[in-house]
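**Student:** Before anything else, here's the structure in question.
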Amino acid sequence: MQSLQEQASQKSGVPLDEAFQVDAVNLYERLGHQVFIDLSTNFYTRVYDDKETWFRDIFANSTREHATQNQYEFFIQRLGGPPLYSQRKGHPALIGRHGPYAVTERAAQRWLEHMDEALDETAGIDEDSRQRLRNFFRHTAYFLVAGKELVNRNRLVGYGGKHTGGA
Ligand code: HEM
C-alpha cells in the first residue's frame, strides 16, 4: 500500500524530493520572523473574506486572529525557527487537528489559491524560497486530503463491523 506521503505526491503532482526542498535551507533564518506573520495574515485575510462561502464556512468556528497565530507559529517552527507552536499547543499532529474540517480536494485547491496569492503579495520572499514553500504547501495540502480519506475509510470499516470485501 502507498504511504500517505506517496499518495500526496501522486495527488499533488509534487514529488517527495521537491516537497522537502523546504528543509534544504533554513527558511526561517533566510526570511526572518516577520515574513511568516505577514504571510499568514495575508492568507487568512483572503480566507475570511472569501466570496466562496462554502470555503469561508470551513473556518467559521475559529477567529481570524487565532487561526493566523496558529498558522504562523506552526510555519516558524516547521521551517527552522523556535518551537512556538508546540510550546503553546503541543504536537502539531496535522491530520488529527484537521479532523473536524472538510479537507476535500476542492478545499485543498481553494486553500492553495489563497496561499499562492498570499505568497505573491507578501514582501521579502525571494523566488527560490517561494518555490520551495509552494511545493511544500501543495504536498502538505494533499497529504491532509489523503489522511482524511484514510480516516473516512477506516470509519466505514468500523461501522460495518467487518470487511465485506469488494469496495
Ligand atoms: C487542504 C486544505 C486545508 C483546509 C481546508 C484547512 C482548514 C483548516 C481549518 C478550518 C483550521 C482551523 C483554524 C484554526 O483554528 O487554526 C486549520 C488549522 C490549521 N491548519 Fe489547516 N487547512 C488546510 C491545509 C493546511 C496546510 C496545507 C497546512 C500546513 C502546511 C495547514 C496547517 C494548519 C495548522 C498548523 C492549523 C492550526 C491547527 C490547530 O492549532 O488547531 N493546513 N486548517
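Numbering starts fresh at 1 for the residues of each chain in the C-alpha cells, the chains themselves are lettered A, B, ... in the order given, and ligands are numbered from 1 as they appear.
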So which residues are near ligand 1, meaning at most 6 Å away with only C-alpha atoms and all ligand atoms counted, given back as JSON, numbers by chain?
**Tutor:** {"A": [58, 59, 62, 66, 67, 70, 71, 74, 97, 98, 101, 103, 107, 108, 111, 137, 140, 141, 144]}
**Student:** Only N, CA and C atoms, please: the residues just picked out, written as an mmCIF file, in the first residue's frame.
**Tutor:**
data_model
loop_
_atom_site.group_PDB
_atom_site.id
_atom_site.type_symbol
_atom_site.label_atom_id
_atom_site.label_comp_id
_atom_site.auth_asym_id
_atom_site.auth_seq_id
_atom_site.Cartn_x
_atom_site.Cartn_y
_atom_site.Cartn_z
ATOM 1 N N ILE A 58 -15.796 26.789 6.357
ATOM 2 C CA ILE A 58 -14.968 25.743 6.988
ATOM 3 C C ILE A 58 -14.235 26.332 8.204
ATOM 4 N N PHE A 59 -13.973 27.639 8.154
ATOM 5 C CA PHE A 59 -13.176 28.303 9.197
ATOM 6 C C PHE A 59 -14.052 29.043 10.219
ATOM 7 N N SER A 62 -13.393 29.291 14.101
ATOM 8 C CA SER A 62 -12.177 29.939 14.615
ATOM 9 C C SER A 62 -12.261 31.432 14.308
ATOM 10 N N HIS A 66 -6.930 33.926 15.860
ATOM 11 C CA HIS A 66 -6.411 32.649 16.359
ATOM 12 C C HIS A 66 -5.838 31.809 15.234
ATOM 13 N N ALA A 67 -6.602 31.757 14.131
ATOM 14 C CA ALA A 67 -6.157 30.928 13.008
ATOM 15 C C ALA A 67 -4.816 31.449 12.483
ATOM 16 N N ASN A 70 -2.063 30.467 14.993
ATOM 17 C CA ASN A 70 -1.778 29.022 14.900
ATOM 18 C C ASN A 70 -0.912 28.735 13.689
ATOM 19 N N GLN A 71 -1.260 29.352 12.571
ATOM 20 C CA GLN A 71 -0.547 29.044 11.329
ATOM 21 C C GLN A 71 0.886 29.583 11.348
ATOM 22 N N PHE A 74 3.144 27.642 13.613
ATOM 23 C CA PHE A 74 3.488 26.341 13.024
ATOM 24 C C PHE A 74 4.551 26.515 11.935
ATOM 25 N N ARG A 97 -5.597 17.234 13.850
ATOM 26 C CA ARG A 97 -6.159 18.571 14.128
ATOM 27 C C ARG A 97 -7.092 19.038 13.024
ATOM 28 N N HIS A 98 -6.953 18.466 11.826
ATOM 29 C CA HIS A 98 -7.887 18.811 10.751
ATOM 30 C C HIS A 98 -9.107 17.891 10.753
ATOM 31 N N TYR A 101 -12.695 19.153 10.067
ATOM 32 C CA TYR A 101 -12.946 20.009 8.895
ATOM 33 C C TYR A 101 -13.018 19.209 7.599
ATOM 34 N N VAL A 103 -11.712 18.597 4.640
ATOM 35 C CA VAL A 103 -10.496 18.769 3.833
ATOM 36 C C VAL A 103 -10.608 17.892 2.582
ATOM 37 N N ALA A 107 -11.385 21.772 -1.437
ATOM 38 C CA ALA A 107 -10.942 22.690 -0.378
ATOM 39 C C ALA A 107 -9.427 22.904 -0.458
ATOM 40 N N ALA A 108 -8.697 21.830 -0.768
ATOM 41 C CA ALA A 108 -7.236 21.968 -0.893
ATOM 42 C C ALA A 108 -6.898 22.931 -2.026
ATOM 43 N N TRP A 111 -7.614 26.444 -0.833
ATOM 44 C CA TRP A 111 -6.589 26.807 0.166
ATOM 45 C C TRP A 111 -5.320 27.225 -0.557
ATOM 46 N N PHE A 137 3.652 23.450 0.524
ATOM 47 C CA PHE A 137 2.230 23.651 0.832
ATOM 48 C C PHE A 137 1.351 22.731 -0.005
ATOM 49 N N THR A 140 1.670 19.197 1.283
ATOM 50 C CA THR A 140 1.034 19.037 2.598
ATOM 51 C C THR A 140 -0.488 19.095 2.485
ATOM 52 N N ALA A 141 -0.999 19.974 1.623
ATOM 53 C CA ALA A 141 -2.455 20.074 1.458
ATOM 54 C C ALA A 141 -3.022 18.724 1.001
ATOM 55 N N LEU A 144 -2.989 16.070 3.641
ATOM 56 C CA LEU A 144 -4.156 16.163 4.527
ATOM 57 C C LEU A 144 -5.392 15.556 3.873
#
**Student:** Compile the contact shell of segment 49-54 of chain A as a PyMOL selection string: residues with an atom at most 12 Å away, counting only C-alpha atoms, same-chain residues fewer than 3 positions apart removed.
**Tutor:** chain A and resi 42-46+57-60+64+101-104+106-107+110-111+113-114
**Student:** Could you please write out, as a PyMOL selection string, every residue of segment 7-127 of chain A that DSSP assigns to alpha helix (DSSP H)?
**Tutor:** chain A and resi 7-12+16-19+27-31+33-48+53-56+64-78+84-89+94-97+105-121+127
**Student:** Atom CA of Asn135 of chain A to atom CA of Gly13 of chain A: how many Å, to one decimal?
**Tutor:** 9.3 Å
**Student:** Show which residues sit within 8 Å of segment 14-29 of chain A, as an MDAnalysis selection string. Count only C-alpha atoms, and ignore same-chain residues fewer than 6 positions away.
**Tutor:** chainID A and resid 5:6 8 76 79:81 129 132:133 135:136 138:139
**Student:** For the residues in that selection, give me N, CA and C atoms as an mmCIF file, in the first residue's frame.
**Tutor:**
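The result, stored in again.cif:
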data_model
loop_
_atom_site.group_PDB
_atom_site.id
_atom_site.type_symbol
_atom_site.label_atom_id
_atom_site.label_comp_id
_atom_site.auth_asym_id
_atom_site.auth_seq_id
_atom_site.Cartn_x
_atom_site.Cartn_y
_atom_site.Cartn_z
ATOM 1 N N GLN A 5 2.374 9.883 2.268
ATOM 2 C CA GLN A 5 3.255 10.840 1.582
ATOM 3 C C GLN A 5 3.315 10.545 0.086
ATOM 4 N N GLU A 6 3.340 9.255 -0.256
ATOM 5 C CA GLU A 6 3.353 8.896 -1.680
ATOM 6 C C GLU A 6 2.015 9.261 -2.331
ATOM 7 N N ALA A 8 0.122 11.637 -1.402
ATOM 8 C CA ALA A 8 0.109 13.103 -1.509
ATOM 9 C C ALA A 8 0.894 13.551 -2.740
ATOM 10 N N ILE A 76 6.747 28.874 11.488
ATOM 11 C CA ILE A 76 8.035 29.267 12.087
ATOM 12 C C ILE A 76 8.746 28.040 12.657
ATOM 13 N N LEU A 79 9.756 25.465 9.824
ATOM 14 C CA LEU A 79 10.707 25.933 8.819
ATOM 15 C C LEU A 79 12.003 26.444 9.437
ATOM 16 N N GLY A 80 12.324 25.948 10.631
ATOM 17 C CA GLY A 80 13.654 26.190 11.178
ATOM 18 C C GLY A 80 13.746 27.190 12.307
ATOM 19 N N GLY A 81 12.610 27.682 12.797
ATOM 20 C CA GLY A 81 12.626 28.660 13.891
ATOM 21 C C GLY A 81 12.295 28.015 15.231
ATOM 22 N N SER A 129 12.778 30.831 -2.483
ATOM 23 C CA SER A 129 12.043 30.465 -1.266
ATOM 24 C C SER A 129 10.565 30.245 -1.589
ATOM 25 N N ARG A 132 10.054 26.813 -3.053
ATOM 26 C CA ARG A 132 10.147 25.760 -2.028
ATOM 27 C C ARG A 132 8.876 25.722 -1.193
ATOM 28 N N LEU A 133 8.394 26.898 -0.803
ATOM 29 C CA LEU A 133 7.191 26.957 0.027
ATOM 30 C C LEU A 133 5.973 26.465 -0.747
ATOM 31 N N ASN A 135 5.783 24.276 -3.165
ATOM 32 C CA ASN A 135 5.793 22.811 -3.272
ATOM 33 C C ASN A 135 5.450 22.150 -1.935
ATOM 34 N N PHE A 136 5.998 22.706 -0.876
ATOM 35 C CA PHE A 136 5.719 22.157 0.458
ATOM 36 C C PHE A 136 4.221 22.281 0.788
ATOM 37 N N ARG A 138 1.704 22.628 -1.287
ATOM 38 C CA ARG A 138 0.892 21.811 -2.187
ATOM 39 C C ARG A 138 0.923 20.338 -1.742
ATOM 40 N N HIS A 139 2.110 19.876 -1.425
ATOM 41 C CA HIS A 139 2.240 18.480 -0.983
ATOM 42 C C HIS A 139 1.512 18.275 0.347
#
**Student:** Select, from A:Gln109, A:Thr63, A:Gln7, A:Gln2, the residue with the minimum atom-to-atom distance to Lys148 of chain A, counting only C-alpha atoms.
**Tutor:** A:Gln7
**Student:** So which one's closest to Ser12 of chain A, A:Leu112, A:Ala118, A:Ile125, A:Val157? Using only C-alpha atoms, please.
**Tutor:**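 Using only C-alpha atoms, the shortest distance to Ser12 of chain A belongs to A:Leu112.
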**Student:** With only C-alpha atoms as the atoms that count, which of A:Gly99, A:His33, A:Asn152, A:Met1 lies nearest to Leu84 of chain A?
**Tutor:**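 When distances to Leu84 of chain A are compared using only C-alpha atoms, the smallest one comes from A:His33.
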